[in-house]
Amino acid sequence: MQVPAQVEYERAGSVEHALTLLARYGPAARVLAGGHSLIPMMKLRLVQPEVLIDINGITDLCYINLTGAQLRIGALTRHAQLLESSVAGEHFAILHDAERVIADPIVRNWGTVGGSLCQADPSEDLSAAFAAMKGTMIIHGPDGSREVSAREFHAGPYETVVGPSELLTEIRLPIRPGGGSGYRKVSRRAGDWPVGAAGAAVWLDGDVITDAGIGLTAVGATHFAAAEAEDFLRGRTATPQTLARAGEIAAENCRPVSDQRGPADYKRHLACELTTRVLGVAVARARGLMA
Amino acid sequence: MQRRAGGKGGLIMTIVYSDREDEAAAQVPMRRIKFTVNGEKKIAEVEPRLLLAHLIRQGLRLTGTHTGCDTTNCGACTVLVDGQAVKSCTMLAVQVDGHEIQTVEGLASASELHPLQEGFREEHGLQCGFCTPGMMLAAKALLDRNPDPTEEEVRWALSGNLCRCTGYQNIVKSVLWAAAKLRAQAPAD
């Protein structure tokens, strides 16, 4: 029987209340959202907060809506809600692709989008998806709110730029015309963390790639992104050869490590192959050739 | 471990942990929570660290909810909180304050099995039975939402529940059997 260590518990009823509690307890506290990473880690004593600040009552943070040319996702949105959201799927196929392969349906009922990002697991899927879409995160703190790009959000494994007295409240994704996106993941079994995974977004003008976003997870990519491969794609024609070369560049610039999920050279191979394939998916979707 | 409080038979529960002297046992925080389990209102005093699975098994003595892996993988501990399936080894008991829990014990009435239970019997949906309560509750959450699921939808809904005996074939058949029976019982539109 695994049991977490002693912990105090506070329930926040609003963002302001959560911020007051965070200011009071500082780094001794951890925010409890879905808890589906935090509670297992507490059982293993990998984290041992003195206080949990439960934000599950802040239902104001559960939403997915279109505001101007942005999709806005509240931080407490459950994975299942994102997977069921037609507006999210219509504009960002990558989000539905990714959500389908995150854990399992029961975990997705409770696990949250913001919680996944703040947990900052180096194998987390949405971090790669949001990096590919070049989203931004809204962080509230005692002095108001700030907006941070998805590629500056993670400070390292299990570390983000969200300070001890701050709370992630929203993720924003820009909607730009001519785009298509997708996500592909290889895992050892259903519901597992990825051995490797890639997300891609492309924007086309005719056959020319005007912009591209590539997200990689579990393979040691800096900020979950493949910036060099994106630079290579910009301005080129979307041919299979071009996409395959982008895959190679992505693989050359990531730093996978060998672990129980596979050896580093296999993961590098996956980074190449998955990037190539998912770019193909994104291009096909941008051309309207694929649902 | 359990005692009846005065008044109208409200139940106050405390879960006892071993004091391994590795934690600040002197300052044990306690919370009083009110919740409903299988339609019965309860009050419990719990440590915030108490897991929902342990409240159900040790506190409520509803041992139909099994704990298998303790790591959010196997789904044996699945229960419904406000109708939503959750792996109860990964939720804190304090979090169900004000909410409604349903466990496998809440499926059958005194005289009749729930169609899901009948389905598991008719289609041989269990062998050792360890995963069965979790399977049934995950299936119930599906059927409450989607009374006429395809086989694919049943497999998808049960993909967070592991079975080491049956190879899943008969579990899927059991759920489809129950879905058909529930539809037949439902009043026609």
# chains A, B, ... in the order shown; residues from 1 in each chain; ligands from 1

$ interface_residues --of "chain B" --to "chain A" --cutoff "8 Å" --atoms "only C-alpha atoms" --output "PDB file with N, CA and C atoms, in the first residue's frame"
ATOM      1  N   GLU B  23       7.927  10.779   9.754  1.00  0.00           N
ATOM      2  CA  GLU B  23       7.202  11.980   9.376  1.00  0.00           C
ATOM      3  C   GLU B  23       6.726  12.706  10.638  1.00  0.00           C
ATOM      4  N   ALA B  24       6.280  13.906  10.422  1.00  0.00           N
ATOM      5  CA  ALA B  24       5.850  14.701  11.575  1.00  0.00           C
ATOM      6  C   ALA B  24       4.494  14.195  12.080  1.00  0.00           C
ATOM      7  N   ALA B  25       4.535  13.036  12.709  1.00  0.00           N
ATOM      8  CA  ALA B  25       3.288  12.394  13.150  1.00  0.00           C
ATOM      9  C   ALA B  25       2.592  13.206  14.238  1.00  0.00           C
ATOM     10  N   VAL B  28      -0.656  15.799  12.926  1.00  0.00           N
ATOM     11  CA  VAL B  28      -1.467  15.182  11.883  1.00  0.00           C
ATOM     12  C   VAL B  28      -2.663  16.078  11.582  1.00  0.00           C
ATOM     13  N   PRO B  29      -2.737  16.609  10.381  1.00  0.00           N
ATOM     14  CA  PRO B  29      -3.899  17.437  10.051  1.00  0.00           C
ATOM     15  C   PRO B  29      -5.107  16.553   9.769  1.00  0.00           C
ATOM     16  N   GLU B  47      -7.268  12.202   7.207  1.00  0.00           N
ATOM     17  CA  GLU B  47      -6.048  12.956   6.937  1.00  0.00           C
ATOM     18  C   GLU B  47      -6.089  13.354   5.472  1.00  0.00           C
ATOM     19  N   PRO B  48      -5.580  14.548   5.139  1.00  0.00           N
ATOM     20  CA  PRO B  48      -5.597  14.956   3.736  1.00  0.00           C
ATOM     21  C   PRO B  48      -4.870  13.975   2.821  1.00  0.00           C
ATOM     22  N   ARG B  49      -3.897  13.257   3.354  1.00  0.00           N
ATOM     23  CA  ARG B  49      -3.135  12.362   2.491  1.00  0.00           C
ATOM     24  C   ARG B  49      -3.856  11.043   2.205  1.00  0.00           C
ATOM     25  N   LEU B  50      -4.981  10.828   2.874  1.00  0.00           N
ATOM     26  CA  LEU B  50      -5.695   9.561   2.681  1.00  0.00           C
ATOM     27  C   LEU B  50      -6.213   9.452   1.248  1.00  0.00           C
ATOM     28  N   LEU B  51      -5.930   8.332   0.611  1.00  0.00           N
ATOM     29  CA  LEU B  51      -6.400   8.126  -0.744  1.00  0.00           C
ATOM     30  C   LEU B  51      -7.856   7.664  -0.729  1.00  0.00           C
ATOM     31  N   ASP B  70      -1.589   0.395  -7.628  1.00  0.00           N
ATOM     32  CA  ASP B  70      -1.237   1.558  -6.810  1.00  0.00           C
ATOM     33  C   ASP B  70      -0.558   2.661  -7.627  1.00  0.00           C
ATOM     34  N   THR B  71      -0.529   2.540  -8.948  1.00  0.00           N
ATOM     35  CA  THR B  71       0.218   3.527  -9.752  1.00  0.00           C
ATOM     36  C   THR B  71      -0.609   4.109 -10.905  1.00  0.00           C
ATOM     37  N   THR B  72      -1.953   4.069 -10.780  1.00  0.00           N
ATOM     38  CA  THR B  72      -2.832   4.693 -11.784  1.00  0.00           C
ATOM     39  C   THR B  72      -2.828   3.959 -13.124  1.00  0.00           C
ATOM     40  N   GLN B  84     -18.487  10.251 -12.999  1.00  0.00           N
ATOM     41  CA  GLN B  84     -17.281  10.167 -13.825  1.00  0.00           C
ATOM     42  C   GLN B  84     -16.342   9.105 -13.263  1.00  0.00           C
ATOM     43  N   ALA B  85     -15.826   8.243 -14.134  1.00  0.00           N
ATOM     44  CA  ALA B  85     -14.902   7.207 -13.673  1.00  0.00           C
ATOM     45  C   ALA B  85     -13.586   7.838 -13.228  1.00  0.00           C
ATOM     46  N   VAL B  86     -13.074   7.352 -12.088  1.00  0.00           N
ATOM     47  CA  VAL B  86     -11.773   7.811 -11.595  1.00  0.00           C
ATOM     48  C   VAL B  86     -11.043   6.629 -10.972  1.00  0.00           C
ATOM     49  N   LYS B  87      -9.728   6.640 -11.102  1.00  0.00           N
ATOM     50  CA  LYS B  87      -8.931   5.621 -10.421  1.00  0.00           C
ATOM     51  C   LYS B  87      -8.730   6.107  -8.992  1.00  0.00           C
ATOM     52  N   THR B  90      -5.708   7.372  -6.992  1.00  0.00           N
ATOM     53  CA  THR B  90      -5.019   8.595  -7.406  1.00  0.00           C
ATOM     54  C   THR B  90      -5.886   9.816  -7.148  1.00  0.00           C
ATOM     55  N   MET B  91      -6.803   9.695  -6.203  1.00  0.00           N
ATOM     56  CA  MET B  91      -7.563  10.857  -5.766  1.00  0.00           C
ATOM     57  C   MET B  91      -7.524  10.836  -4.244  1.00  0.00           C
ATOM     58  N   ALA B 138     -16.180   1.374 -15.112  1.00  0.00           N
ATOM     59  CA  ALA B 138     -15.768   2.069 -16.335  1.00  0.00           C
ATOM     60  C   ALA B 138     -16.835   1.857 -17.407  1.00  0.00           C
ATOM     61  N   TRP B 156     -12.408   1.006 -26.396  1.00  0.00           N
ATOM     62  CA  TRP B 156     -11.797   2.312 -26.130  1.00  0.00           C
ATOM     63  C   TRP B 156     -12.059   2.726 -24.683  1.00  0.00           C
ATOM     64  N   ALA B 157     -13.333   2.578 -24.249  1.00  0.00           N
ATOM     65  CA  ALA B 157     -13.706   3.020 -22.904  1.00  0.00           C
ATOM     66  C   ALA B 157     -13.015   2.187 -21.822  1.00  0.00           C
ATOM     67  N   LEU B 158     -12.707   0.927 -22.133  1.00  0.00           N
ATOM     68  CA  LEU B 158     -12.094   0.044 -21.134  1.00  0.00           C
ATOM     69  C   LEU B 158     -10.570   0.018 -21.248  1.00  0.00           C
ATOM     70  N   SER B 159     -10.017   0.901 -22.083  1.00  0.00           N
ATOM     71  CA  SER B 159      -8.576   0.804 -22.338  1.00  0.00           C
ATOM     72  C   SER B 159      -7.726   1.234 -21.134  1.00  0.00           C
ATOM     73  N   GLY B 160      -8.368   1.793 -20.107  1.00  0.00           N
ATOM     74  CA  GLY B 160      -7.620   2.114 -18.896  1.00  0.00           C
ATOM     75  C   GLY B 160      -7.761   1.054 -17.815  1.00  0.00           C
TER      76      GLY B 160
END

$ residues_around --residues "Ser145 (chain A)" --least-positions-apart "3" --cutoff "10 Å" --atoms "only C-alpha atoms" --output "ChimeraX atom specification"
/A:138-142,148,166-169

$ write_last_selection --atoms "N, CA, C and O atoms" --output "PDB file, in the first residue's frame"
ATOM      1  N   ILE A 138      -0.621  31.924 -20.140  1.00  0.00           N
ATOM      2  CA  ILE A 138      -0.909  33.063 -19.261  1.00  0.00           C
ATOM      3  C   ILE A 138      -0.681  32.604 -17.817  1.00  0.00           C
ATOM      4  O   ILE A 138      -1.250  31.612 -17.370  1.00  0.00           O
ATOM      5  N   ILE A 139       0.170  33.358 -17.147  1.00  0.00           N
ATOM      6  CA  ILE A 139       0.517  33.020 -15.760  1.00  0.00           C
ATOM      7  C   ILE A 139       0.087  34.175 -14.862  1.00  0.00           C
ATOM      8  O   ILE A 139       0.447  35.324 -15.119  1.00  0.00           O
ATOM      9  N   HIS A 140      -0.711  33.851 -13.843  1.00  0.00           N
ATOM     10  CA  HIS A 140      -1.129  34.881 -12.887  1.00  0.00           C
ATOM     11  C   HIS A 140      -0.241  34.839 -11.647  1.00  0.00           C
ATOM     12  O   HIS A 140       0.127  33.772 -11.175  1.00  0.00           O
ATOM     13  N   GLY A 141       0.077  36.031 -11.146  1.00  0.00           N
ATOM     14  CA  GLY A 141       0.888  36.122  -9.935  1.00  0.00           C
ATOM     15  C   GLY A 141       0.405  37.281  -9.096  1.00  0.00           C
ATOM     16  O   GLY A 141      -0.587  37.931  -9.434  1.00  0.00           O
ATOM     17  N   PRO A 142       1.099  37.541  -7.992  1.00  0.00           N
ATOM     18  CA  PRO A 142       0.659  38.611  -7.088  1.00  0.00           C
ATOM     19  C   PRO A 142       0.632  39.984  -7.771  1.00  0.00           C
ATOM     20  O   PRO A 142      -0.144  40.858  -7.382  1.00  0.00           O
ATOM     21  N   VAL A 148       3.749  34.075 -21.548  1.00  0.00           N
ATOM     22  CA  VAL A 148       5.043  33.455 -21.835  1.00  0.00           C
ATOM     23  C   VAL A 148       4.867  32.528 -23.031  1.00  0.00           C
ATOM     24  O   VAL A 148       3.869  31.816 -23.114  1.00  0.00           O
ATOM     25  N   GLU A 166       2.937  31.801  -8.260  1.00  0.00           N
ATOM     26  CA  GLU A 166       2.183  32.034  -9.495  1.00  0.00           C
ATOM     27  C   GLU A 166       1.336  30.817  -9.867  1.00  0.00           C
ATOM     28  O   GLU A 166       1.583  29.700  -9.422  1.00  0.00           O
ATOM     29  N   LEU A 167       0.359  31.075 -10.774  1.00  0.00           N
ATOM     30  CA  LEU A 167      -0.545  30.015 -11.223  1.00  0.00           C
ATOM     31  C   LEU A 167      -0.740  30.131 -12.733  1.00  0.00           C
ATOM     32  O   LEU A 167      -1.043  31.217 -13.248  1.00  0.00           O
ATOM     33  N   LEU A 168      -0.542  29.023 -13.436  1.00  0.00           N
ATOM     34  CA  LEU A 168      -0.870  28.985 -14.868  1.00  0.00           C
ATOM     35  C   LEU A 168      -2.389  28.985 -14.997  1.00  0.00           C
ATOM     36  O   LEU A 168      -3.069  28.188 -14.351  1.00  0.00           O
ATOM     37  N   THR A 169      -2.925  29.908 -15.810  1.00  0.00           N
ATOM     38  CA  THR A 169      -4.387  29.996 -15.901  1.00  0.00           C
ATOM     39  C   THR A 169      -4.930  29.677 -17.285  1.00  0.00           C
ATOM     40  O   THR A 169      -6.074  29.233 -17.415  1.00  0.00           O
TER      41      THR A 169
END

$ atom_distance --atom1 "CA of Glu248 (chain A)" --atom2 "CA of Phe130 (chain A)"
21.6 Å

$ closest_residue --among "B:Leu80, B:Val154, B:Ala184, B:Leu176" --to "Ala141 (chain B)" --atoms "only C-alpha atoms"
B:Leu80

$ select_by_dssp --residues "region 121-199 of chain A" --states "alpha helix (DSSP H)" --output "PyMOL selection string"
chain A and resi 125-133+150-153

$ write_last_selection --atoms "N, CA and C atoms" --output "CSV table (one decimal), in the first residue's frame"
chain,number,residue,atom,x,y,z
A,125,ASP,N,3.1,14.9,-23.7
A,125,ASP,CA,2.7,15.1,-25.0
A,125,ASP,C,2.3,16.5,-25.4
A,126,LEU,N,1.4,17.1,-24.5
A,126,LEU,CA,0.9,18.5,-24.8
A,126,LEU,C,2.0,19.5,-24.9
A,127,SER,N,3.1,19.3,-24.2
A,127,SER,CA,4.2,20.3,-24.2
A,127,SER,C,4.7,20.4,-25.7
A,128,ALA,N,4.8,19.2,-26.3
A,128,ALA,CA,5.3,19.2,-27.7
A,128,ALA,C,4.2,19.8,-28.6
A,129,ALA,N,3.0,19.4,-28.4
A,129,ALA,CA,1.9,19.9,-29.2
A,129,ALA,C,1.8,21.5,-29.2
A,130,PHE,N,1.9,22.0,-28.0
A,130,PHE,CA,1.8,23.5,-27.8
A,130,PHE,C,3.1,24.2,-28.4
A,131,ALA,N,4.3,23.5,-28.3
A,131,ALA,CA,5.5,24.0,-28.9
A,131,ALA,C,5.3,24.1,-30.4
A,132,ALA,N,4.8,23.0,-31.0
A,132,ALA,CA,4.6,23.0,-32.4
A,132,ALA,C,3.6,24.1,-32.9
A,133,MET,N,2.6,24.3,-32.1
A,133,MET,CA,1.6,25.4,-32.4
A,133,MET,C,2.0,26.8,-32.1
A,150,ALA,N,5.2,29.3,-25.4
A,150,ALA,CA,5.3,27.9,-25.1
A,150,ALA,C,6.7,27.4,-25.0
A,151,ARG,N,7.6,28.0,-25.9
A,151,ARG,CA,9.0,27.6,-25.9
A,151,ARG,C,9.8,28.2,-24.9
A,152,GLU,N,9.3,29.1,-24.0
A,152,GLU,CA,10.0,29.6,-22.9
A,152,GLU,C,9.4,29.1,-21.6
A,153,PHE,N,8.4,28.3,-21.7
A,153,PHE,CA,7.6,27.9,-20.5
A,153,PHE,C,8.4,26.9,-19.7

$ select_by_dssp --residues "region 37-154 of chain B" --states "strand (DSSP E or B)" --output "list in words"
Val37, Glu40, Lys41, Lys42, Ile43, Ala44, Glu45, Val46, Leu51, Thr78, Val79, Leu80, Val81, Gln84, Ala85, Val86, Lys87, Leu92, Glu100, Ile101 and Gln102 of chain B

$ closest_residue --among "A:Ile73, A:Lys134, A:Ser258, A:Ala238" --to "Ile214 (chain A)" --atoms "only C-alpha atoms"
A:Lys134

$ residues_around --residues "region 118-120 of chain B" --least-positions-apart "3" --cutoff "9 Å" --atoms "only C-alpha atoms" --output "compact mmCIF listing (two decimals) with N, CA, C and O atoms, in the first residue's frame"
# COMPACT_ATOMS: atom_id res chain seq x y z
N LEU B 113 -29.50 -8.32 -9.77
CA LEU B 113 -28.20 -7.86 -10.25
C LEU B 113 -28.41 -6.73 -11.25
O LEU B 113 -29.44 -6.64 -11.91
N HIS B 114 -27.39 -5.88 -11.36
CA HIS B 114 -27.39 -4.85 -12.40
C HIS B 114 -27.15 -5.55 -13.74
O HIS B 114 -26.44 -6.56 -13.78
N PRO B 115 -27.74 -5.08 -14.83
CA PRO B 115 -27.51 -5.71 -16.13
C PRO B 115 -26.02 -5.90 -16.45
O PRO B 115 -25.66 -6.89 -17.12
N GLU B 123 -21.86 -13.80 -20.19
CA GLU B 123 -20.84 -13.87 -21.23
C GLU B 123 -19.47 -14.30 -20.68
O GLU B 123 -18.45 -14.14 -21.34
N HIS B 124 -19.44 -14.78 -19.48
CA HIS B 124 -18.19 -15.24 -18.86
C HIS B 124 -17.12 -14.14 -18.87
O HIS B 124 -16.00 -14.36 -19.30
N GLY B 125 -17.53 -12.97 -18.40
CA GLY B 125 -16.64 -11.81 -18.44
C GLY B 125 -15.61 -11.77 -17.34
O GLY B 125 -14.88 -10.78 -17.22
N LEU B 126 -15.55 -12.78 -16.51
CA LEU B 126 -14.50 -12.75 -15.48
C LEU B 126 -13.98 -14.15 -15.21
O LEU B 126 -14.68 -15.14 -15.38
N THR B 132 -12.72 -6.99 -12.24
CA THR B 132 -14.13 -6.88 -12.61
C THR B 132 -14.84 -5.63 -12.07
O THR B 132 -15.54 -4.96 -12.83
N MET B 136 -16.56 -2.94 -14.52
CA MET B 136 -18.00 -2.65 -14.51
C MET B 136 -18.27 -1.16 -14.35
O MET B 136 -19.18 -0.61 -14.98
N ASN B 170 -14.31 -11.54 -23.68
CA ASN B 170 -15.58 -11.77 -23.01
C ASN B 170 -16.02 -10.56 -22.19
O ASN B 170 -17.22 -10.37 -21.96
N ILE B 171 -15.07 -9.76 -21.77
CA ILE B 171 -15.45 -8.53 -21.05
C ILE B 171 -16.19 -7.60 -22.00
O ILE B 171 -17.24 -7.04 -21.66
N LYS B 173 -17.78 -8.46 -24.70
CA LYS B 173 -19.10 -9.06 -24.98
C LYS B 173 -20.07 -8.81 -23.83
O LYS B 173 -21.26 -8.57 -24.04
N SER B 174 -19.57 -8.90 -22.60
CA SER B 174 -20.42 -8.68 -21.42
C SER B 174 -21.01 -7.28 -21.42
O SER B 174 -22.19 -7.09 -21.08
N VAL B 175 -20.16 -6.31 -21.74
CA VAL B 175 -20.63 -4.92 -21.74
C VAL B 175 -21.66 -4.71 -22.85
O VAL B 175 -22.69 -4.04 -22.64
N LEU B 176 -21.43 -5.32 -24.00
CA LEU B 176 -22.40 -5.19 -25.10
C LEU B 176 -23.71 -5.87 -24.74
O LEU B 176 -24.80 -5.38 -25.05
N TRP B 177 -23.62 -6.99 -24.03
CA TRP B 177 -24.82 -7.70 -23.55
C TRP B 177 -25.61 -6.78 -22.63
O TRP B 177 -26.83 -6.64 -22.75
N ALA B 178 -24.89 -6.15 -21.69
CA ALA B 178 -25.55 -5.26 -20.73
C ALA B 178 -26.17 -4.06 -21.44
O ALA B 178 -27.27 -3.63 -21.08
N ALA B 179 -25.47 -3.54 -22.43
CA ALA B 179 -26.00 -2.38 -23.16
C ALA B 179 -27.33 -2.76 -23.82
O ALA B 179 -28.30 -2.00 -23.74
N LYS B 181 -29.39 -5.14 -22.95
CA LYS B 181 -30.43 -5.36 -21.94
C LYS B 181 -30.95 -4.02 -21.39
O LYS B 181 -32.16 -3.85 -21.22

$ residues_around --residues "Gly106 (chain B)" --least-positions-apart "6" --cutoff "9 Å" --atoms "only C-alpha atoms" --output "list in words"
Val37, Asn38 and Gly39 of chain B

$ write_last_selection --atoms "C-alpha atoms" --output "PDB file, in the first residue's frame"
ATOM      1  CA  VAL B  37     -21.586   6.624  -1.243  1.00  0.00           C
ATOM      2  CA  ASN B  38     -24.027   4.438  -3.162  1.00  0.00           C
ATOM      3  CA  GLY B  39     -26.825   6.778  -2.154  1.00  0.00           C
TER       4      GLY B  39
END

$ decode --residues "region 168-191 of chain A" --atoms "C-alpha atoms" --output "PDB file, in the first residue's frame"
ATOM      1  CA  LEU A 168      -0.870  28.985 -14.868  1.00  0.00           C
ATOM      2  CA  THR A 169      -4.387  29.996 -15.901  1.00  0.00           C
ATOM      3  CA  GLU A 170      -4.699  29.768 -19.682  1.00  0.00           C
ATOM      4  CA  ILE A 171      -3.103  28.483 -22.878  1.00  0.00           C
ATOM      5  CA  ARG A 172      -3.572  30.458 -26.091  1.00  0.00           C
ATOM      6  CA  LEU A 173      -3.063  29.104 -29.577  1.00  0.00           C
ATOM      7  CA  PRO A 174      -3.031  31.459 -32.559  1.00  0.00           C
ATOM      8  CA  ILE A 175      -5.290  30.418 -35.458  1.00  0.00           C
ATOM      9  CA  ARG A 176      -3.659  31.227 -38.785  1.00  0.00           C
ATOM     10  CA  PRO A 177      -5.131  30.423 -42.230  1.00  0.00           C
ATOM     11  CA  GLY A 178      -3.657  27.763 -44.497  1.00  0.00           C
ATOM     12  CA  GLY A 179      -2.526  25.545 -41.652  1.00  0.00           C
ATOM     13  CA  GLY A 180      -2.636  21.843 -40.904  1.00  0.00           C
ATOM     14  CA  SER A 181      -1.325  19.865 -37.952  1.00  0.00           C
ATOM     15  CA  GLY A 182      -0.927  16.402 -36.508  1.00  0.00           C
ATOM     16  CA  TYR A 183       0.655  14.317 -33.766  1.00  0.00           C
ATOM     17  CA  ARG A 184       2.195  10.849 -33.859  1.00  0.00           C
ATOM     18  CA  LYS A 185       3.509   8.829 -30.926  1.00  0.00           C
ATOM     19  CA  VAL A 186       5.184   5.498 -30.442  1.00  0.00           C
ATOM     20  CA  SER A 187       4.733   3.863 -27.046  1.00  0.00           C
ATOM     21  CA  ARG A 188       5.372   0.378 -25.772  1.00  0.00           C
ATOM     22  CA  ARG A 189       1.762  -0.281 -24.921  1.00  0.00           C
ATOM     23  CA  ALA A 190      -1.591   1.493 -24.814  1.00  0.00           C
ATOM     24  CA  GLY A 191      -1.671   4.339 -22.327  1.00  0.00           C
TER      25      GLY A 191
END
